[in-house]
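Notes follow once the structure below has been shown.
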Amino acid sequence: MNTTAHTSFSLIGDIGGTNARFALLRGDQQAMEHELILPTAQFADLAAALGEYLHRVGQPLVHEACIAIANPITGDWLQMTNTHWAFSIEETRQQLGLQQLRMLNDWEAMAMSGPVLHATDLHQVGPGEPVEGAPKGFIGPGTGLGVSSLVRARDGQWVACAGEGGHVTLAPTCKRELDILGVLWQTYPHVSAERVVSGMGLENLYKAICQLDGREAEPLTAADITARALQAKDVACEEALDRMCRFLGSTAGNLAVTLGTLGGIYVGGGIVGKLGDYFEHSGFRAAFEAKGRFEAYMQRIPTYVIRAAQPALLGAAMGLNLRVKH
């Protein structure tokens, strides 16, 4: 990167329990440069991962950074939920010599990407038309389950609302789901939505289904379970993936009725985008709409799969008041 030695950059990042994604920006309305993904587990904390990233891309001059991270932002000290990272935001800023280091909840960043997503970044699943200016909900399974929202302020600006909606209490909608919860309660005193709607959730579902069916569970990863389900090679894997989509639909529906998201529900994360046509034909939308007397209300709300490659990075750029070409 010799040509950038005297150019000042902004840095954006998206940190999950599995991967840390980074990129550089030269200024507003610019495309992301030097995108790189590093495995979170290989680094002690954010400073170590950022130091390695900057080393690999030639030690560019960086004056500010905005990082989306899979964790609530409640103060200077961050202890990540789904990995071992723990660090001080201010100490990290000083270590890296940054003028500004802004941290966002990763799904707050997802919501912030909403105003800059194009029609081609979205794939609609099911009926519904968005109401202009109405709240929007964002949800998606990956290592965990992310949830956030986007609402209009009185001045017309969009405001992203971070939250930890992945940890809401999971509710069964039929006897089979109740039986699955009964198995999970043996391990988890509180079964949150994230315990079944995530990578680990898919594994939990598979093990619970095997126990209920009286068969021995194999040591399968979420990727293994998904592959077997999509290839129709294992009935327990097929049910696990189907149940996960249904639980996602029910949880997304809860978000929709709670916030009145007539602007739509936007599904992201690292899992759904890999399911292709399967997700559109799964039980997701039926579970989303299944709100009893409010079924007609739910049918008005569109649901979209986010197809943009790195929406949280787009949101992180918005956190620095920068818009990225994509």
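Lettering and numbering for the structure tokens are positional, with chains as A, B, ... in the shown order, residues counted from 1 in each chain, and ligands counted from 1 in the shown order.
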Per residue of range 65-168 of chain A within 9 Å of range 278-293 of chain A, record the nearest atom pair and its distance in Å to one decimal, counting only C-alpha atoms, with rows in chain order and ascending residue number, as JSON lines.
```
{"residue": "A:Gln124", "atom": "CA", "partner": "A:Glu280", "partner_atom": "CA", "distance": 8.6}
{"residue": "A:Val125", "atom": "CA", "partner": "A:Glu280", "partner_atom": "CA", "distance": 5.7}
{"residue": "A:Gly126", "atom": "CA", "partner": "A:Arg285", "partner_atom": "CA", "distance": 6.4}
```
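Once range 229-241 of chain A and its same-chain neighbours fewer than 3 positions away are set aside, A:Leu202, A:Leu205, A:Tyr206, A:Ile209, A:Cys210, A:Ile225, A:Thr226, A:Met244, A:Cys245 remain within 7 Å of it when counting only C-alpha atoms.
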Quick one: contact table of range 251-311 of chain A to range 156-165 of chain A, 10 Å max, nearest atom pair and distance in Å to one decimal per residue, counting only C-alpha atoms, chain and number order, as a tab-separated table?
```
residue	atom	partner	partner_atom	distance
A:Thr251	CA	A:Gly165	CA	9.1
A:Ala252	CA	A:Gly165	CA	9.9
A:Leu255	CA	A:Gly165	CA	8.3
```
For the selection you just gave me, I'd like the residues written to a file as an mmCIF file, in the first residue's frame, keeping all heavy atoms.
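Okay, this is what ended up in selection-v2.cif:
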```cif
data_model
loop_
_atom_site.group_PDB
_atom_site.id
_atom_site.type_symbol
_atom_site.label_atom_id
_atom_site.label_comp_id
_atom_site.auth_asym_id
_atom_site.auth_seq_id
_atom_site.Cartn_x
_atom_site.Cartn_y
_atom_site.Cartn_z
ATOM 1 N N THR A 251 -40.218 -15.046 16.294
ATOM 2 C CA THR A 251 -39.506 -13.990 17.022
ATOM 3 C C THR A 251 -39.532 -12.679 16.250
ATOM 4 O O THR A 251 -39.705 -11.599 16.834
ATOM 5 C CB THR A 251 -38.050 -14.422 17.287
ATOM 6 O OG1 THR A 251 -38.040 -15.693 17.967
ATOM 7 C CG2 THR A 251 -37.320 -13.406 18.147
ATOM 8 N N ALA A 252 -39.376 -12.747 14.925
ATOM 9 C CA ALA A 252 -39.469 -11.548 14.092
ATOM 10 C C ALA A 252 -40.864 -10.960 14.166
ATOM 11 O O ALA A 252 -41.045 -9.734 14.176
ATOM 12 C CB ALA A 252 -39.105 -11.882 12.645
ATOM 13 N N LEU A 255 -41.189 -8.960 17.295
ATOM 14 C CA LEU A 255 -40.552 -7.657 17.107
ATOM 15 C C LEU A 255 -41.476 -6.719 16.339
ATOM 16 O O LEU A 255 -41.626 -5.542 16.683
ATOM 17 C CB LEU A 255 -39.229 -7.841 16.363
ATOM 18 C CG LEU A 255 -38.455 -6.585 15.980
ATOM 19 C CD1 LEU A 255 -37.995 -5.815 17.217
ATOM 20 C CD2 LEU A 255 -37.243 -6.953 15.101
#
```
Would you list, as a PyMOL selection string, the residues of range 109-307 of chain A that end up in strand (DSSP E) under DSSP run on this structure's backbone?
-> chain A and resi 122-125+136-141+145-152+158-162+265-267+303-306
Expected answer as a ChimeraX atom specification: alpha helix (DSSP H) residues in range 79-114 of chain A = /A:89-96,106-112
Output the selection as an mmCIF file, in the first residue's frame - C-alpha atoms for each residue.
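This is the output file result-v3.cif:
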```
data_model
loop_
_atom_site.group_PDB
_atom_site.id
_atom_site.type_symbol
_atom_site.label_atom_id
_atom_site.label_comp_id
_atom_site.auth_asym_id
_atom_site.auth_seq_id
_atom_site.Cartn_x
_atom_site.Cartn_y
_atom_site.Cartn_z
ATOM 1 C CA ILE A 89 -12.520 1.462 24.417
ATOM 2 C CA GLU A 90 -10.410 4.446 25.494
ATOM 3 C CA GLU A 91 -7.258 2.393 26.079
ATOM 4 C CA THR A 92 -7.720 0.806 22.646
ATOM 5 C CA ARG A 93 -8.094 4.256 21.053
ATOM 6 C CA GLN A 94 -4.862 5.398 22.708
ATOM 7 C CA GLN A 95 -2.990 2.202 21.775
ATOM 8 C CA LEU A 96 -3.869 2.702 18.126
ATOM 9 C CA ASP A 106 -23.380 -4.702 15.572
ATOM 10 C CA TRP A 107 -27.132 -4.702 15.040
ATOM 11 C CA GLU A 108 -27.309 -0.982 15.716
ATOM 12 C CA ALA A 109 -24.931 -0.741 12.757
ATOM 13 C CA MET A 110 -27.173 -3.083 10.764
ATOM 14 C CA ALA A 111 -30.092 -0.741 11.392
ATOM 15 C CA MET A 112 -27.977 2.286 10.453
#
```
Rounded to one decimal place, report the CA of Gln42 in chain A-CA of Arg21 in chain A distance in Å.
->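 Taking CA of Gln42 in chain A and CA of Arg21 in chain A, their separation equals 13.4 Å.
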Neighbours of Val168 in chain A within 10 Å (only C-alpha atoms; same-chain residues fewer than 3 positions away dropped), as a ChimeraX atom specification?
-> /A:164-165,171,190-194,251,254
Hey, what's within 12 Å of Ala20 in chain A if we count only C-alpha atoms and toss same-chain stuff fewer than 3 positions away? As number ranges by chain, please?
-> A: 12-17, 23, 35-43, 45-50, 52-53, 67-70, 83, 85, 106, 310, 312-313
10 Å contact set for Gly142 in chain A, only C-alpha atoms, chain neighbours under 4 positions out, as a PDB file with N, CA and C atoms, in the first residue's frame:
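part.pdb, freshly written:
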```pdb
ATOM      1  N   GLY A  16     -17.794 -10.035  15.083  1.00  0.00           N
ATOM      2  CA  GLY A  16     -18.728 -11.045  15.561  1.00  0.00           C
ATOM      3  C   GLY A  16     -18.010 -12.058  16.429  1.00  0.00           C
ATOM      4  N   GLY A  17     -18.749 -13.043  16.906  1.00  0.00           N
ATOM      5  CA  GLY A  17     -18.133 -14.065  17.727  1.00  0.00           C
ATOM      6  C   GLY A  17     -17.180 -14.957  16.955  1.00  0.00           C
ATOM      7  N   THR A  18     -17.318 -14.986  15.627  1.00  0.00           N
ATOM      8  CA  THR A  18     -16.482 -15.852  14.789  1.00  0.00           C
ATOM      9  C   THR A  18     -15.468 -15.059  13.972  1.00  0.00           C
ATOM     10  N   GLY A 146     -29.067 -11.346  16.447  1.00  0.00           N
ATOM     11  CA  GLY A 146     -29.067  -9.893  16.538  1.00  0.00           C
ATOM     12  C   GLY A 146     -30.441  -9.309  16.296  1.00  0.00           C
ATOM     13  N   GLU A 194     -32.148 -16.779  21.158  1.00  0.00           N
ATOM     14  CA  GLU A 194     -30.817 -17.058  20.624  1.00  0.00           C
ATOM     15  C   GLU A 194     -30.401 -18.513  20.813  1.00  0.00           C
ATOM     16  N   VAL A 197     -32.228 -19.880  17.640  1.00  0.00           N
ATOM     17  CA  VAL A 197     -32.124 -19.140  16.377  1.00  0.00           C
ATOM     18  C   VAL A 197     -30.727 -18.549  16.267  1.00  0.00           C
ATOM     19  N   SER A 198     -29.768 -19.390  15.905  1.00  0.00           N
ATOM     20  CA  SER A 198     -28.358 -19.019  15.774  1.00  0.00           C
ATOM     21  C   SER A 198     -27.603 -20.266  15.351  1.00  0.00           C
ATOM     22  N   GLY A 199     -26.292 -20.135  15.166  1.00  0.00           N
ATOM     23  CA  GLY A 199     -25.501 -21.314  14.844  1.00  0.00           C
ATOM     24  C   GLY A 199     -25.551 -22.331  15.963  1.00  0.00           C
ATOM     25  N   MET A 200     -25.285 -21.870  17.183  1.00  0.00           N
ATOM     26  CA  MET A 200     -25.363 -22.799  18.326  1.00  0.00           C
ATOM     27  C   MET A 200     -26.791 -23.274  18.525  1.00  0.00           C
ATOM     28  N   GLY A 201     -27.757 -22.404  18.179  1.00  0.00           N
ATOM     29  CA  GLY A 201     -29.160 -22.771  18.310  1.00  0.00           C
ATOM     30  C   GLY A 201     -29.547 -23.928  17.409  1.00  0.00           C
ATOM     31  N   GLY A 268     -31.044 -10.399   8.398  1.00  0.00           N
ATOM     32  CA  GLY A 268     -29.635 -10.500   8.005  1.00  0.00           C
ATOM     33  C   GLY A 268     -28.963 -11.625   8.761  1.00  0.00           C
ATOM     34  N   GLY A 269     -27.680 -11.433   9.058  1.00  0.00           N
ATOM     35  CA  GLY A 269     -26.932 -12.463   9.769  1.00  0.00           C
ATOM     36  C   GLY A 269     -26.230 -13.414   8.821  1.00  0.00           C
ATOM     37  N   GLY A 270     -25.404 -14.284   9.397  1.00  0.00           N
ATOM     38  CA  GLY A 270     -24.567 -15.144   8.577  1.00  0.00           C
ATOM     39  C   GLY A 270     -25.190 -16.447   8.140  1.00  0.00           C
ATOM     40  N   ILE A 271     -26.418 -16.738   8.540  1.00  0.00           N
ATOM     41  CA  ILE A 271     -27.021 -18.038   8.245  1.00  0.00           C
ATOM     42  C   ILE A 271     -28.050 -17.972   7.129  1.00  0.00           C
ATOM     43  N   VAL A 272     -29.009 -17.066   7.250  1.00  0.00           N
ATOM     44  CA  VAL A 272     -30.141 -17.037   6.315  1.00  0.00           C
ATOM     45  C   VAL A 272     -29.691 -16.810   4.882  1.00  0.00           C
TER      46      VAL A 272
END
```
Write out as JSON, numbers by chain the residues lying within 9 Å of range 54-66 of chain A, counting only C-alpha atoms and excluding same-chain residues fewer than 2 positions away.
-> {"A": [1, 2, 4, 5, 6, 7, 8, 9, 10, 11, 12, 13, 14, 24, 34, 36, 49, 50, 51, 52, 68, 93, 96, 97, 98, 99, 100, 101, 102, 103, 104, 313, 316, 317, 318, 319, 320]}
Give me a file of those residues, with N, CA, C and O atoms, as a tab-separated table (two decimals), in the first residue's frame.
```
chain	number	residue	atom	x	y	z
A	1	MET	N	0.84	-1.20	0.00
A	1	MET	CA	0.00	0.00	0.00
A	1	MET	C	0.88	1.26	0.00
A	1	MET	O	0.63	2.21	0.72
A	2	ASN	N	1.94	1.29	-0.74
A	2	ASN	CA	2.84	2.44	-0.75
A	2	ASN	C	2.16	3.72	-1.20
A	2	ASN	O	2.51	4.81	-0.76
A	4	THR	N	-0.61	4.79	-0.43
A	4	THR	CA	-1.48	5.34	0.60
A	4	THR	C	-0.70	5.83	1.81
A	4	THR	O	-1.28	6.19	2.82
A	5	ALA	N	0.61	5.84	1.74
A	5	ALA	CA	1.44	6.16	2.89
A	5	ALA	C	1.14	7.55	3.44
A	5	ALA	O	1.28	7.80	4.63
A	6	HIS	N	0.77	8.49	2.58
A	6	HIS	CA	0.53	9.87	3.02
A	6	HIS	C	-0.95	10.24	2.96
A	6	HIS	O	-1.29	11.42	3.03
A	7	THR	N	-1.82	9.24	2.81
A	7	THR	CA	-3.27	9.47	2.77
A	7	THR	C	-3.87	9.09	4.10
A	7	THR	O	-3.56	8.04	4.66
A	8	SER	N	-4.75	9.95	4.63
A	8	SER	CA	-5.42	9.67	5.89
A	8	SER	C	-6.73	8.93	5.62
A	8	SER	O	-7.51	9.33	4.76
A	9	PHE	N	-6.95	7.84	6.36
A	9	PHE	CA	-8.11	6.98	6.15
A	9	PHE	C	-9.02	6.97	7.37
A	9	PHE	O	-8.60	7.25	8.49
A	10	SER	N	-10.26	6.57	7.12
A	10	SER	CA	-11.17	6.16	8.18
A	10	SER	C	-11.25	4.64	8.13
A	10	SER	O	-11.18	4.03	7.06
A	11	LEU	N	-11.37	4.02	9.30
A	11	LEU	CA	-11.42	2.56	9.37
A	11	LEU	C	-12.78	2.14	9.90
A	11	LEU	O	-13.31	2.74	10.84
A	12	ILE	N	-13.36	1.12	9.29
A	12	ILE	CA	-14.63	0.58	9.75
A	12	ILE	C	-14.46	-0.91	10.01
A	12	ILE	O	-13.63	-1.58	9.39
A	13	GLY	N	-15.24	-1.44	10.94
A	13	GLY	CA	-15.12	-2.84	11.28
A	13	GLY	C	-16.43	-3.43	11.75
A	13	GLY	O	-17.35	-2.72	12.16
A	14	ASP	N	-16.50	-4.74	11.70
A	14	ASP	CA	-17.68	-5.50	12.15
A	14	ASP	C	-17.15	-6.74	12.87
A	14	ASP	O	-16.57	-7.63	12.24
A	24	LEU	N	-11.12	0.04	4.87
A	24	LEU	CA	-10.70	1.44	4.93
A	24	LEU	C	-11.55	2.29	3.99
A	24	LEU	O	-12.03	1.82	2.97
A	34	HIS	N	-9.49	-2.50	0.76
A	34	HIS	CA	-8.72	-3.40	1.60
A	34	HIS	C	-9.58	-4.12	2.64
A	34	HIS	O	-9.24	-4.17	3.82
A	36	LEU	N	-10.87	-7.10	4.68
A	36	LEU	CA	-10.17	-8.28	5.17
A	36	LEU	C	-10.95	-8.89	6.32
A	36	LEU	O	-11.49	-8.16	7.17
A	49	ALA	N	-6.32	-7.38	17.04
A	49	ALA	CA	-6.86	-7.66	15.71
A	49	ALA	C	-6.66	-6.48	14.77
A	49	ALA	O	-6.26	-6.65	13.60
A	50	LEU	N	-6.93	-5.28	15.25
A	50	LEU	CA	-6.73	-4.09	14.41
A	50	LEU	C	-5.26	-3.89	14.08
A	50	LEU	O	-4.92	-3.50	12.95
A	51	GLY	N	-4.38	-4.16	15.04
A	51	GLY	CA	-2.95	-4.05	14.77
A	51	GLY	C	-2.51	-4.98	13.66
A	51	GLY	O	-1.73	-4.61	12.78
A	52	GLU	N	-3.04	-6.22	13.68
A	52	GLU	CA	-2.70	-7.19	12.63
A	52	GLU	C	-3.26	-6.74	11.29
A	52	GLU	O	-2.59	-6.86	10.25
A	68	ALA	N	-18.42	-1.89	14.65
A	68	ALA	CA	-19.65	-2.57	15.09
A	68	ALA	C	-19.24	-3.87	15.77
A	68	ALA	O	-18.40	-4.61	15.25
A	93	ARG	N	-8.27	3.05	21.87
A	93	ARG	CA	-8.09	4.26	21.05
A	93	ARG	C	-6.67	4.81	21.21
A	93	ARG	O	-6.00	5.15	20.22
A	96	LEU	N	-3.91	2.62	19.59
A	96	LEU	CA	-3.87	2.70	18.13
A	96	LEU	C	-3.61	4.11	17.62
A	96	LEU	O	-3.48	4.32	16.41
A	97	GLY	N	-3.55	5.09	18.51
A	97	GLY	CA	-3.27	6.46	18.12
A	97	GLY	C	-4.37	7.10	17.30
A	97	GLY	O	-4.10	7.92	16.41
A	98	LEU	N	-5.62	6.77	17.63
A	98	LEU	CA	-6.76	7.30	16.88
A	98	LEU	C	-7.29	8.58	17.52
A	98	LEU	O	-7.29	8.73	18.75
A	99	GLN	N	-7.74	9.51	16.70
A	99	GLN	CA	-8.42	10.69	17.22
A	99	GLN	C	-9.80	10.33	17.75
A	99	GLN	O	-10.28	10.90	18.72
A	100	GLN	N	-10.45	9.38	17.09
A	100	GLN	CA	-11.79	8.96	17.49
A	100	GLN	C	-11.95	7.46	17.28
A	100	GLN	O	-11.54	6.93	16.25
A	101	LEU	N	-12.52	6.79	18.28
A	101	LEU	CA	-12.89	5.39	18.15
A	101	LEU	C	-14.32	5.26	18.64
A	101	LEU	O	-14.60	5.38	19.84
A	102	ARG	N	-15.24	5.04	17.72
A	102	ARG	CA	-16.65	4.89	18.07
A	102	ARG	C	-17.02	3.42	18.01
A	102	ARG	O	-16.69	2.74	17.03
A	103	MET	N	-17.69	2.94	19.04
A	103	MET	CA	-18.15	1.56	19.08
A	103	MET	C	-19.67	1.53	18.97
A	103	MET	O	-20.37	2.30	19.65
A	104	LEU	N	-20.18	0.65	18.11
A	104	LEU	CA	-21.61	0.45	17.94
A	104	LEU	C	-21.94	-1.00	18.21
A	104	LEU	O	-21.15	-1.90	17.91
A	313	LEU	N	-20.87	-3.07	7.93
A	313	LEU	CA	-19.80	-2.12	7.58
A	313	LEU	C	-20.38	-0.84	7.00
A	313	LEU	O	-19.87	0.26	7.26
A	316	ALA	N	-21.45	1.05	9.97
A	316	ALA	CA	-20.31	1.62	10.68
A	316	ALA	C	-19.83	2.89	9.99
A	316	ALA	O	-19.45	3.86	10.65
A	317	ALA	N	-19.86	2.89	8.66
A	317	ALA	CA	-19.49	4.10	7.93
A	317	ALA	C	-20.47	5.23	8.23
A	317	ALA	O	-20.07	6.39	8.41
A	318	MET	N	-21.75	4.89	8.32
A	318	MET	CA	-22.75	5.89	8.69
A	318	MET	C	-22.48	6.43	10.08
A	318	MET	O	-22.78	7.59	10.39
A	319	GLY	N	-21.90	5.60	10.95
A	319	GLY	CA	-21.54	6.04	12.29
A	319	GLY	C	-20.47	7.11	12.29
A	319	GLY	O	-20.32	7.85	13.28
A	320	LEU	N	-19.73	7.23	11.20
A	320	LEU	CA	-18.75	8.30	11.02
A	320	LEU	C	-19.27	9.37	10.08
A	320	LEU	O	-18.50	10.20	9.58
```
Smallest atom-to-atom distance to Arg176 in chain A: which of A:Glu203, A:Asp213, A:Asp224, A:Glu295, using only C-alpha atoms?
->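 Residue with the minimum atom-to-atom distance to Arg176 in chain A: A:Asp213.
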Pick out the closest residue to Phe247 in chain A from this set: A:Arg195, A:His118, A:Arg154, A:Lys136. Count only C-alpha atoms.
-> A:Arg195
